[in-house]
Structures are given as structure tokens and as C-alpha cells.
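Below is target16.cif, which holds mmCIF, C-alpha atoms; chains and numbers go by the auth columns.
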```
data_protein
loop_
_atom_site.group_PDB
_atom_site.id
_atom_site.type_symbol
_atom_site.label_atom_id
_atom_site.label_comp_id
_atom_site.label_asym_id
_atom_site.label_seq_id
_atom_site.Cartn_x
_atom_site.Cartn_y
_atom_site.Cartn_z
_atom_site.B_iso_or_equiv
_atom_site.auth_seq_id
_atom_site.auth_asym_id
ATOM 1 C CA MET A 1 1.102 0.332 -3.274 0.00 116 J
ATOM 2 C CA LYS A 2 0.886 3.716 -1.635 0.00 117 J
ATOM 3 C CA SER A 3 1.942 6.980 -3.213 0.00 118 J
ATOM 4 C CA ALA A 4 5.671 7.701 -3.006 0.00 119 J
ATOM 5 C CA THR A 5 5.206 11.346 -1.963 0.00 120 J
ATOM 6 C CA PRO A 6 2.160 12.751 -0.159 0.00 121 J
ATOM 7 C CA PRO A 7 0.227 15.520 -1.959 0.00 122 J
ATOM 8 C CA ASN A 8 1.558 18.214 0.382 0.00 123 J
ATOM 9 C CA GLY A 9 5.125 17.265 -0.565 0.00 124 J
ATOM 10 C CA HIS A 10 6.188 16.397 2.979 0.00 125 J
ATOM 11 C CA MET A 11 7.388 12.907 3.699 0.00 126 J
ATOM 12 C CA PRO A 12 5.736 11.313 6.745 0.00 127 J
ATOM 13 C CA GLN A 13 7.889 10.916 9.832 0.00 128 J
ATOM 14 C CA ARG A 14 8.989 7.356 10.549 0.00 129 J
ATOM 15 C CA PRO A 15 9.315 6.011 14.080 0.00 130 J
ATOM 16 C CA ALA A 16 12.863 5.800 15.425 0.00 131 J
ATOM 17 C CA PRO A 17 14.321 2.398 14.534 0.00 132 J
ATOM 18 C CA GLU A 18 14.931 -0.114 17.303 0.00 133 J
ATOM 19 C CA ARG A 19 17.540 -1.798 15.114 0.00 134 J
ATOM 20 C CA GLU A 20 19.305 -0.640 11.979 0.00 135 J
ATOM 21 C CA PHE A 21 21.751 -2.046 9.443 0.00 136 J
ATOM 22 C CA THR A 22 23.151 0.188 6.692 0.00 137 J
ATOM 23 C CA MET A 23 25.822 -0.518 4.091 0.00 138 J
ATOM 24 C CA ARG A 24 26.986 0.477 0.601 0.00 139 J
ATOM 25 C CA PHE A 25 27.721 -2.196 -2.011 0.00 140 J
ATOM 26 C CA THR A 26 29.377 -2.186 -5.407 0.00 141 J
ATOM 27 C CA SER A 27 26.841 -2.114 -8.203 0.00 142 J
ATOM 28 C CA THR A 28 27.735 -5.606 -9.423 0.00 143 J
ATOM 29 C CA PRO A 29 26.112 -9.052 -9.162 0.00 144 J
ATOM 30 C CA ARG A 30 28.650 -9.851 -6.446 0.00 145 J
ATOM 31 C CA GLY A 31 27.557 -6.749 -4.503 0.00 146 J
ATOM 32 C CA ALA A 32 23.905 -7.829 -4.792 0.00 147 J
ATOM 33 C CA ARG A 33 24.745 -11.317 -3.462 0.00 148 J
ATOM 34 C CA LEU A 34 26.708 -9.806 -0.583 0.00 149 J
ATOM 35 C CA ALA A 35 23.797 -7.491 0.299 0.00 150 J
ATOM 36 C CA ARG A 36 21.438 -10.475 0.424 0.00 151 J
ATOM 37 C CA ARG A 37 23.814 -12.493 2.598 0.00 152 J
ATOM 38 C CA LEU A 38 24.522 -9.685 5.056 0.00 153 J
ATOM 39 C CA VAL A 39 20.827 -8.884 5.504 0.00 154 J
ATOM 40 C CA SER A 40 20.179 -12.562 6.231 0.00 155 J
ATOM 41 C CA HIS A 41 23.074 -12.684 8.716 0.00 156 J
ATOM 42 C CA ARG A 42 21.906 -9.480 10.416 0.00 157 J
ATOM 43 C CA LEU A 43 18.361 -10.830 10.786 0.00 158 J
ATOM 44 C CA ASN A 44 19.811 -14.000 12.316 0.00 159 J
ATOM 45 C CA ASP A 45 21.789 -11.839 14.778 0.00 160 J
ATOM 46 C CA TRP A 46 18.579 -9.953 15.636 0.00 161 J
ATOM 47 C CA GLY A 47 16.796 -13.173 16.646 0.00 162 J
ATOM 48 C CA HIS A 48 15.232 -14.220 13.334 0.00 163 J
ATOM 49 C CA PRO A 49 17.136 -17.413 12.407 0.00 164 J
ATOM 50 C CA TYR A 50 17.891 -18.283 8.801 0.00 165 J
ATOM 51 C CA THR A 51 14.974 -20.664 8.296 0.00 166 J
ATOM 52 C CA THR A 52 12.273 -18.452 9.820 0.00 167 J
ATOM 53 C CA PRO A 53 9.628 -16.889 7.570 0.00 168 J
ATOM 54 C CA VAL A 54 10.812 -13.351 8.407 0.00 169 J
ATOM 55 C CA ASN A 55 14.449 -14.076 7.480 0.00 170 J
ATOM 56 C CA GLU A 56 13.584 -15.949 4.293 0.00 171 J
ATOM 57 C CA THR A 57 11.042 -13.344 3.167 0.00 172 J
ATOM 58 C CA LEU A 58 13.258 -10.305 3.815 0.00 173 J
ATOM 59 C CA THR A 59 16.273 -12.056 2.285 0.00 174 J
ATOM 60 C CA LEU A 60 14.295 -12.770 -0.875 0.00 175 J
ATOM 61 C CA ILE A 61 12.997 -9.182 -1.054 0.00 176 J
ATOM 62 C CA THR A 62 16.553 -7.878 -0.559 0.00 177 J
ATOM 63 C CA ALA A 63 17.820 -10.158 -3.327 0.00 178 J
ATOM 64 C CA GLU A 64 15.207 -8.871 -5.774 0.00 179 J
ATOM 65 C CA LEU A 65 15.662 -5.188 -4.936 0.00 180 J
ATOM 66 C CA SER A 66 19.472 -5.452 -5.002 0.00 181 J
ATOM 67 C CA ALA A 67 19.422 -7.288 -8.339 0.00 182 J
ATOM 68 C CA ASN A 68 17.177 -4.555 -9.756 0.00 183 J
ATOM 69 C CA ALA A 69 19.521 -1.852 -8.444 0.00 184 J
ATOM 70 C CA VAL A 70 22.425 -3.542 -10.222 0.00 185 J
ATOM 71 C CA ARG A 71 20.532 -4.275 -13.433 0.00 186 J
ATOM 72 C CA HIS A 72 18.396 -1.146 -13.817 0.00 187 J
ATOM 73 C CA GLY A 73 19.943 1.436 -11.472 0.00 188 J
ATOM 74 C CA HIS A 74 23.613 0.969 -12.305 0.00 189 J
ATOM 75 C CA VAL A 75 25.655 4.095 -12.988 0.00 190 J
ATOM 76 C CA PRO A 76 29.353 3.368 -13.672 0.00 191 J
ATOM 77 C CA GLY A 77 31.476 4.128 -10.640 0.00 192 J
ATOM 78 C CA ARG A 78 28.497 4.450 -8.283 0.00 193 J
ATOM 79 C CA ASP A 79 27.463 2.046 -5.514 0.00 194 J
ATOM 80 C CA PHE A 80 24.023 1.134 -4.257 0.00 195 J
ATOM 81 C CA HIS A 81 22.952 1.444 -0.629 0.00 196 J
ATOM 82 C CA VAL A 82 20.947 -0.983 1.535 0.00 197 J
ATOM 83 C CA GLN A 83 19.225 -0.083 4.784 0.00 198 J
ATOM 84 C CA LEU A 84 17.313 -2.539 6.973 0.00 199 J
ATOM 85 C CA THR A 85 15.416 -1.173 9.962 0.00 200 J
ATOM 86 C CA LEU A 86 13.093 -2.583 12.587 0.00 201 J
ATOM 87 C CA ALA A 87 10.648 -0.202 14.260 0.00 202 J
ATOM 88 C CA GLU A 88 7.378 -1.036 16.013 0.00 203 J
ATOM 89 C CA ASP A 89 7.269 -4.663 14.753 0.00 204 J
ATOM 90 C CA THR A 90 7.795 -3.555 11.145 0.00 205 J
ATOM 91 C CA PHE A 91 10.859 -4.319 9.079 0.00 206 J
ATOM 92 C CA ARG A 92 11.682 -1.892 6.295 0.00 207 J
ATOM 93 C CA ILE A 93 14.236 -2.701 3.625 0.00 208 J
ATOM 94 C CA GLU A 94 15.436 0.131 1.370 0.00 209 J
ATOM 95 C CA VAL A 95 17.681 -0.177 -1.650 0.00 210 J
ATOM 96 C CA THR A 96 18.930 3.116 -3.062 0.00 211 J
ATOM 97 C CA ASP A 97 20.687 3.609 -6.386 0.00 212 J
ATOM 98 C CA THR A 98 21.862 6.726 -8.217 0.00 213 J
ATOM 99 C CA ARG A 99 19.810 6.419 -11.407 0.00 214 J
ATOM 100 C CA ALA A 100 16.752 8.655 -11.157 0.00 215 J
ATOM 101 C CA GLU A 101 15.413 8.304 -14.698 0.00 216 J
ATOM 102 C CA LYS A 102 14.764 4.532 -14.511 0.00 217 J
ATOM 103 C CA ARG A 103 11.953 4.188 -11.989 0.00 218 J
ATOM 104 C CA PRO A 104 10.025 0.952 -11.530 0.00 219 J
ATOM 105 C CA PRO A 105 6.339 1.029 -12.475 0.00 220 J
ATOM 106 C CA ALA A 106 3.763 1.947 -9.830 0.00 221 J
ATOM 107 C CA SER A 107 2.414 -1.595 -9.984 0.00 222 J
ATOM 108 C CA PRO A 108 4.368 -4.587 -11.272 0.00 223 J
ATOM 109 C CA PRO A 109 3.513 -5.590 -14.844 0.00 224 J
ATOM 110 C CA ALA A 110 2.101 -9.028 -15.581 0.00 225 J
ATOM 111 C CA ALA A 111 4.917 -11.513 -16.064 0.00 226 J
ATOM 112 C CA ASP A 112 5.461 -13.075 -19.462 0.00 227 J
ATOM 113 C CA SER A 113 5.534 -16.824 -18.875 0.00 228 J
ATOM 114 C CA LEU A 114 8.267 -17.253 -21.524 0.00 229 J
ATOM 115 C CA SER A 115 10.514 -14.483 -20.226 0.00 230 J
ATOM 116 C CA GLU A 116 13.467 -15.321 -17.997 0.00 231 J
ATOM 117 C CA SER A 117 13.256 -11.995 -16.166 0.00 232 J
ATOM 118 C CA GLY A 118 10.750 -9.333 -15.147 0.00 233 J
ATOM 119 C CA ARG A 119 9.262 -11.076 -12.131 0.00 234 J
ATOM 120 C CA GLY A 120 11.212 -9.395 -9.320 0.00 235 J
ATOM 121 C CA LEU A 121 8.677 -6.695 -8.477 0.00 236 J
ATOM 122 C CA LEU A 122 5.833 -9.212 -8.700 0.00 237 J
ATOM 123 C CA LEU A 123 7.643 -11.218 -6.065 0.00 238 J
ATOM 124 C CA VAL A 124 8.253 -8.145 -3.880 0.00 239 J
ATOM 125 C CA ALA A 125 4.574 -7.135 -4.181 0.00 240 J
ATOM 126 C CA ALA A 126 3.464 -10.669 -3.237 0.00 241 J
ATOM 127 C CA LEU A 127 5.761 -10.947 -0.210 0.00 242 J
ATOM 128 C CA ALA A 128 5.762 -7.430 1.249 0.00 243 J
ATOM 129 C CA ASP A 129 2.930 -5.791 3.157 0.00 244 J
ATOM 130 C CA ASP A 130 3.702 -2.538 1.335 0.00 245 J
ATOM 131 C CA TRP A 131 6.322 -1.312 -1.124 0.00 246 J
ATOM 132 C CA GLY A 132 7.068 1.753 -3.175 0.00 247 J
ATOM 133 C CA VAL A 133 9.575 4.101 -4.736 0.00 248 J
ATOM 134 C CA SER A 134 10.676 7.471 -3.445 0.00 249 J
ATOM 135 C CA PRO A 135 13.223 10.015 -4.670 0.00 250 J
ATOM 136 C CA ARG A 136 16.660 9.878 -3.110 0.00 251 J
ATOM 137 C CA PRO A 137 16.969 12.756 -0.648 0.00 252 J
ATOM 138 C CA ALA A 138 19.586 15.410 -1.454 0.00 253 J
ATOM 139 C CA ALA A 139 21.069 13.528 -4.435 0.00 254 J
ATOM 140 C CA PRO A 140 20.052 12.066 -7.777 0.00 255 J
ATOM 141 C CA GLY A 141 18.597 8.584 -7.650 0.00 256 J
ATOM 142 C CA LYS A 142 15.756 6.637 -6.104 0.00 257 J
ATOM 143 C CA THR A 143 14.969 4.371 -3.182 0.00 258 J
ATOM 144 C CA VAL A 144 12.862 1.267 -3.640 0.00 259 J
ATOM 145 C CA TRP A 145 11.517 0.103 -0.297 0.00 260 J
ATOM 146 C CA ALA A 146 9.404 -2.697 1.135 0.00 261 J
ATOM 147 C CA LYS A 147 7.804 -3.245 4.538 0.00 262 J
ATOM 148 C CA LEU A 148 7.020 -6.450 6.383 0.00 263 J
ATOM 149 C CA HIS A 149 4.940 -6.365 9.570 0.00 264 J
ATOM 150 C CA VAL A 150 5.770 -9.090 12.114 0.00 265 J
ATOM 151 C CA ARG A 151 4.309 -10.448 15.302 0.00 266 J
ATOM 152 C CA PRO A 152 6.497 -10.422 18.418 0.00 267 J
ATOM 153 C CA GLN A 153 7.103 -14.164 17.818 0.00 268 J
ATOM 154 C CA GLY A 154 8.794 -13.319 14.505 0.00 269 J
ATOM 155 C CA HIS A 155 6.156 -14.442 12.007 0.00 270 J
ATOM 156 C CA PRO A 156 4.682 -12.210 9.297 0.00 271 J
ATOM 157 C CA LEU A 157 1.600 -10.422 10.618 0.00 272 J
ATOM 158 C CA THR A 158 -0.649 -10.564 7.581 0.00 273 J
ATOM 159 C CA HIS A 159 -2.331 -13.705 6.392 0.00 274 J
ATOM 160 C CA ARG A 160 -1.634 -14.116 2.720 0.00 275 J
ATOM 161 C CA VAL A 161 -3.697 -16.142 0.307 0.00 276 J
ATOM 162 C CA ALA A 162 -1.860 -19.193 -0.994 0.00 277 J
ATOM 163 C CA PRO A 163 -0.235 -18.353 -4.329 0.00 278 J
ATOM 164 C CA GLY A 164 -1.595 -19.872 -7.528 0.00 279 J
ATOM 165 C CA PRO A 165 0.423 -22.437 -9.484 0.00 280 J
ATOM 166 C CA THR A 166 2.292 -19.898 -11.606 0.00 281 J
ATOM 167 C CA GLU A 167 3.214 -17.761 -8.614 0.00 282 J
ATOM 168 C CA LEU A 168 4.273 -20.863 -6.684 0.00 283 J
ATOM 169 C CA ASP A 169 6.531 -21.910 -9.553 0.00 284 J
ATOM 170 C CA LEU A 170 8.030 -18.428 -9.534 0.00 285 J
ATOM 171 C CA LEU A 171 8.651 -18.523 -5.782 0.00 286 J
ATOM 172 C CA LEU A 172 10.258 -21.970 -5.969 0.00 287 J
ATOM 173 C CA THR A 173 12.467 -20.973 -8.882 0.00 288 J
ATOM 174 C CA THR A 174 13.599 -17.792 -7.147 0.00 289 J
ATOM 175 C CA ALA A 175 14.247 -19.633 -3.883 0.00 290 J
ATOM 176 C CA SER A 176 16.399 -22.184 -5.706 0.00 291 J
ATOM 177 C CA LEU A 177 18.400 -19.350 -7.277 0.00 292 J
ATOM 178 C CA LEU A 178 19.075 -17.921 -3.825 0.00 293 J
ATOM 179 C CA ARG A 179 20.529 -21.248 -2.727 0.00 294 J
ATOM 180 C CA ASP A 180 23.007 -21.337 -5.618 0.00 295 J
ATOM 181 C CA ASP A 181 25.814 -19.846 -3.521 0.00 296 J
ATOM 182 C CA LEU A 182 27.698 -22.442 -1.527 0.00 297 J
ATOM 183 C CA GLY A 183 28.696 -21.290 1.890 0.00 298 J
ATOM 184 C CA SER A 184 25.890 -18.744 2.189 0.00 299 J
ATOM 185 C CA ARG A 185 25.420 -19.569 5.862 0.00 300 J
ATOM 186 C CA PRO A 186 28.081 -19.260 8.542 0.00 301 J
ATOM 187 C CA GLU A 187 28.062 -22.987 9.294 0.00 302 J
ATOM 188 C CA ASP A 188 29.069 -23.665 5.654 0.00 303 J
ATOM 189 C CA ALA A 189 31.978 -21.239 5.830 0.00 304 J
ATOM 190 C CA SER A 190 33.875 -23.443 8.280 0.00 305 J
ATOM 191 C CA HIS A 191 34.207 -26.049 5.532 0.00 306 J
ATOM 192 C CA GLY A 192 35.740 -23.648 3.038 0.00 307 J
ATOM 193 C CA GLY A 193 32.403 -23.098 1.295 0.00 308 J
ATOM 194 C CA ARG A 194 31.998 -26.834 0.536 0.00 309 J
ATOM 195 C CA ARG A 195 29.136 -28.850 1.886 0.00 310 J
ATOM 196 C CA GLN A 196 29.907 -32.234 3.288 0.00 311 J
#
```
With the file now loaded, output its structure as C-alpha cells.
Amino acid sequence: MKSATPPNGHMPQRPAPEREFTMRFTSTPRGARLARRLVSHRLNDWGHPYTTPVNETLTLITAELSANAVRHGHVPGRDFHVQLTLAEDTFRIEVTDTRAEKRPPASPPAADSLSESGRGLLLVAALADDWGVSPRPAAPGKTVWAKLHVRPQGHPLTHRVAPGPTELDLLLTTASLLRDDLGSRPEDASHGGRRQ
């Protein structure tokens, strides 16, 4: 992970986004689920269908960062903010909350195999090409961000090493949790959220 703020204190300039999706969500589990769904739908609209590696990877990263914003960044009465951008074949997902004092560690801690939580940042670090935390500009809070580089054909650019058995179990478990919502895809909505 790279440093959140360069030594000179100036944030590097980002290229102008080719595409951008921005929205505020209530800091609740329902808001986190909605953020995940809308990012997936937006990626589908941008030419990265639901079952492509880019859509599945960014949807999973969004789910983890949104869940962390709700669980660890919640301030009563305050929402969290999601921004998805595409610039120069790089997707960047940012999740901003209003709690500045609870920052994630610089590198994800080793997961306890008996714990039911604490694996979200490990998953983000494994899936993203880069991730980090930066202070929220002009207001209290923080932004946790992740980047994914893609080829023009829509596949992740980097070649990742196959995950070990424990990481694979984690990925499968998390993926099954993402599928727990019936009607998460538009084609399911036409049946009133019930699969037939």
C-alpha cells in the first residue's frame, strides 16, 4: 500500500475521469447493500456485465469498504459516500465516512481463523492493485479507496497468484454472502425478487 499523503503534503493530481458515479448512502447495512448493488449496476451499464471479473471484483471491494464504513465509520445521523471512477483504464472506488479517529491499519492484520469478521481489508488488499486511506478533504472523516487496472477488453490487468486454501475459502464465503440478496440483478426484479 502506498502512503496516504505524500511527504510534501500535496495530493497528486488524478486524471480527469472518463466515467463517474457518485452517491450518498445511509450508514446502515441496507445502505451498504444498496451501494454494492448500484456499483454493480453502473459497471454493467458501462460495458462490464455482471459476471465479468471487473464487475465481480469491484462489487466485492465495494461491499467490503461499505460494510466497514457502516461498522467502523458510523456516526449517528451521518451518511457515507461512494464514488466510482474510470480514468485511463483504471477503476477507483472510494468510500468516505465521517469518523476520522477510526482509521484502518496501514496493512491488513492477519485474520484469525476462528473469528467471524476482520477479513474485509485482507480481501480488498488481495483483489485491488492498490488501496489506501486518505483524510476527507474539507471535513472530518476519511476516505478508503482501492484501484483496479483493467485491459481494454475489461479484464484485470495484473496477473495475480492463485490464492492459498485459506484465502480461497475466504473468497468463496464472501462471494456466497454477496449472493444472499434475492433480486440483486435486474432480471430478478421482474419476478418480484423471487427466483423461478
query = By how many Å are atom CA of J:Val265 and atom CA of J:Asp212 apart?
reply =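 Separating atom CA of J:Val265 from atom CA of J:Asp212 is a distance of 26.9 Å.
Using only C-alpha atoms, the shortest contact distance between J:Leu175 and any of J:Gly247, J:Pro191, J:Gly235, J:Pro255 is found at J:Gly235.
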ask   = Which of these residues is nearest to J:Asp160, using only C-alpha atoms: J:Arg134, J:His264, J:Arg186, J:Lys257?
value = J:Arg134
task = With a distance cut-off of 6 Å and all atoms listed in the file, select the neighbouring residues of J:Val197, excluding the residue or stretch itself and same-chain residues fewer than 4 positions from it, and output the selection as a VMD selection string.
result = chain J and resid 137 to 138 209 to 210
task = Rounded to one decimal place, report the atom CA of J:Ser181-atom CA of J:Ala147 distance in Å.
result = 5.0 Å
Mind completing stretch 170-181 of chain J with all heavy atoms? Output as a short mmCIF file (atom, residue, chain, number, x, y, z; two decimals), keeping the file's coordinate frame, please?
```cif
data_model
loop_
_atom_site.label_atom_id
_atom_site.label_comp_id
_atom_site.auth_asym_id
_atom_site.auth_seq_id
_atom_site.Cartn_x
_atom_site.Cartn_y
_atom_site.Cartn_z
N ASN J 170 13.12 -14.10 8.10
CA ASN J 170 14.45 -14.08 7.48
C ASN J 170 14.37 -14.45 6.01
O ASN J 170 14.92 -13.75 5.15
CB ASN J 170 15.40 -15.02 8.22
CG ASN J 170 16.85 -14.81 7.84
OD1 ASN J 170 17.21 -14.82 6.67
ND2 ASN J 170 17.69 -14.64 8.84
N GLU J 171 13.67 -15.52 5.69
CA GLU J 171 13.58 -15.95 4.29
C GLU J 171 12.87 -14.92 3.43
O GLU J 171 13.30 -14.64 2.30
CB GLU J 171 12.90 -17.31 4.20
CG GLU J 171 13.77 -18.43 4.75
CD GLU J 171 13.13 -19.80 4.66
OE1 GLU J 171 11.89 -19.89 4.47
OE2 GLU J 171 13.88 -20.78 4.79
N THR J 172 11.79 -14.33 3.95
CA THR J 172 11.04 -13.34 3.17
C THR J 172 11.86 -12.08 2.92
O THR J 172 11.97 -11.61 1.79
CB THR J 172 9.72 -12.99 3.90
OG1 THR J 172 8.95 -14.18 4.05
CG2 THR J 172 8.93 -11.96 3.12
N LEU J 173 12.47 -11.53 3.99
CA LEU J 173 13.26 -10.30 3.82
C LEU J 173 14.53 -10.55 2.99
O LEU J 173 14.95 -9.67 2.24
CB LEU J 173 13.60 -9.70 5.17
CG LEU J 173 12.43 -8.99 5.85
CD1 LEU J 173 12.74 -8.70 7.30
CD2 LEU J 173 12.07 -7.71 5.10
N THR J 174 15.11 -11.73 3.10
CA THR J 174 16.27 -12.06 2.28
C THR J 174 15.89 -12.10 0.81
O THR J 174 16.61 -11.59 -0.05
CB THR J 174 16.89 -13.39 2.74
OG1 THR J 174 17.31 -13.25 4.09
CG2 THR J 174 18.08 -13.78 1.89
N LEU J 175 14.75 -12.70 0.51
CA LEU J 175 14.30 -12.77 -0.88
C LEU J 175 13.96 -11.38 -1.42
O LEU J 175 14.34 -11.04 -2.55
CB LEU J 175 13.08 -13.69 -0.96
CG LEU J 175 12.56 -14.02 -2.34
CD1 LEU J 175 13.65 -14.58 -3.24
CD2 LEU J 175 11.41 -15.01 -2.23
N ILE J 176 13.30 -10.55 -0.62
CA ILE J 176 13.00 -9.18 -1.05
C ILE J 176 14.29 -8.41 -1.30
O ILE J 176 14.43 -7.70 -2.30
CB ILE J 176 12.10 -8.48 -0.01
CG1 ILE J 176 10.69 -9.09 -0.02
CG2 ILE J 176 12.03 -6.97 -0.29
CD1 ILE J 176 9.80 -8.62 1.11
N THR J 177 15.26 -8.55 -0.39
CA THR J 177 16.55 -7.88 -0.56
C THR J 177 17.24 -8.33 -1.84
O THR J 177 17.80 -7.52 -2.58
CB THR J 177 17.47 -8.16 0.64
OG1 THR J 177 16.82 -7.70 1.83
CG2 THR J 177 18.81 -7.46 0.50
N ALA J 178 17.20 -9.63 -2.11
CA ALA J 178 17.82 -10.16 -3.33
C ALA J 178 17.20 -9.53 -4.57
O ALA J 178 17.92 -9.12 -5.49
CB ALA J 178 17.68 -11.68 -3.37
N GLU J 179 15.89 -9.43 -4.60
CA GLU J 179 15.21 -8.87 -5.77
C GLU J 179 15.50 -7.38 -5.93
O GLU J 179 15.81 -6.92 -7.03
CB GLU J 179 13.70 -9.11 -5.68
CG GLU J 179 13.30 -10.55 -5.77
CD GLU J 179 13.75 -11.22 -7.06
OE1 GLU J 179 13.87 -10.54 -8.10
OE2 GLU J 179 13.99 -12.43 -7.02
N LEU J 180 15.41 -6.63 -4.84
CA LEU J 180 15.66 -5.19 -4.94
C LEU J 180 17.12 -4.88 -5.26
O LEU J 180 17.41 -3.96 -6.04
CB LEU J 180 15.24 -4.49 -3.64
CG LEU J 180 13.75 -4.55 -3.29
CD1 LEU J 180 13.47 -3.78 -2.00
CD2 LEU J 180 12.88 -4.05 -4.43
N SER J 181 18.04 -5.65 -4.71
CA SER J 181 19.47 -5.45 -5.00
C SER J 181 19.78 -5.80 -6.45
O SER J 181 20.53 -5.09 -7.12
CB SER J 181 20.33 -6.30 -4.06
OG SER J 181 20.15 -5.90 -2.74
#
```
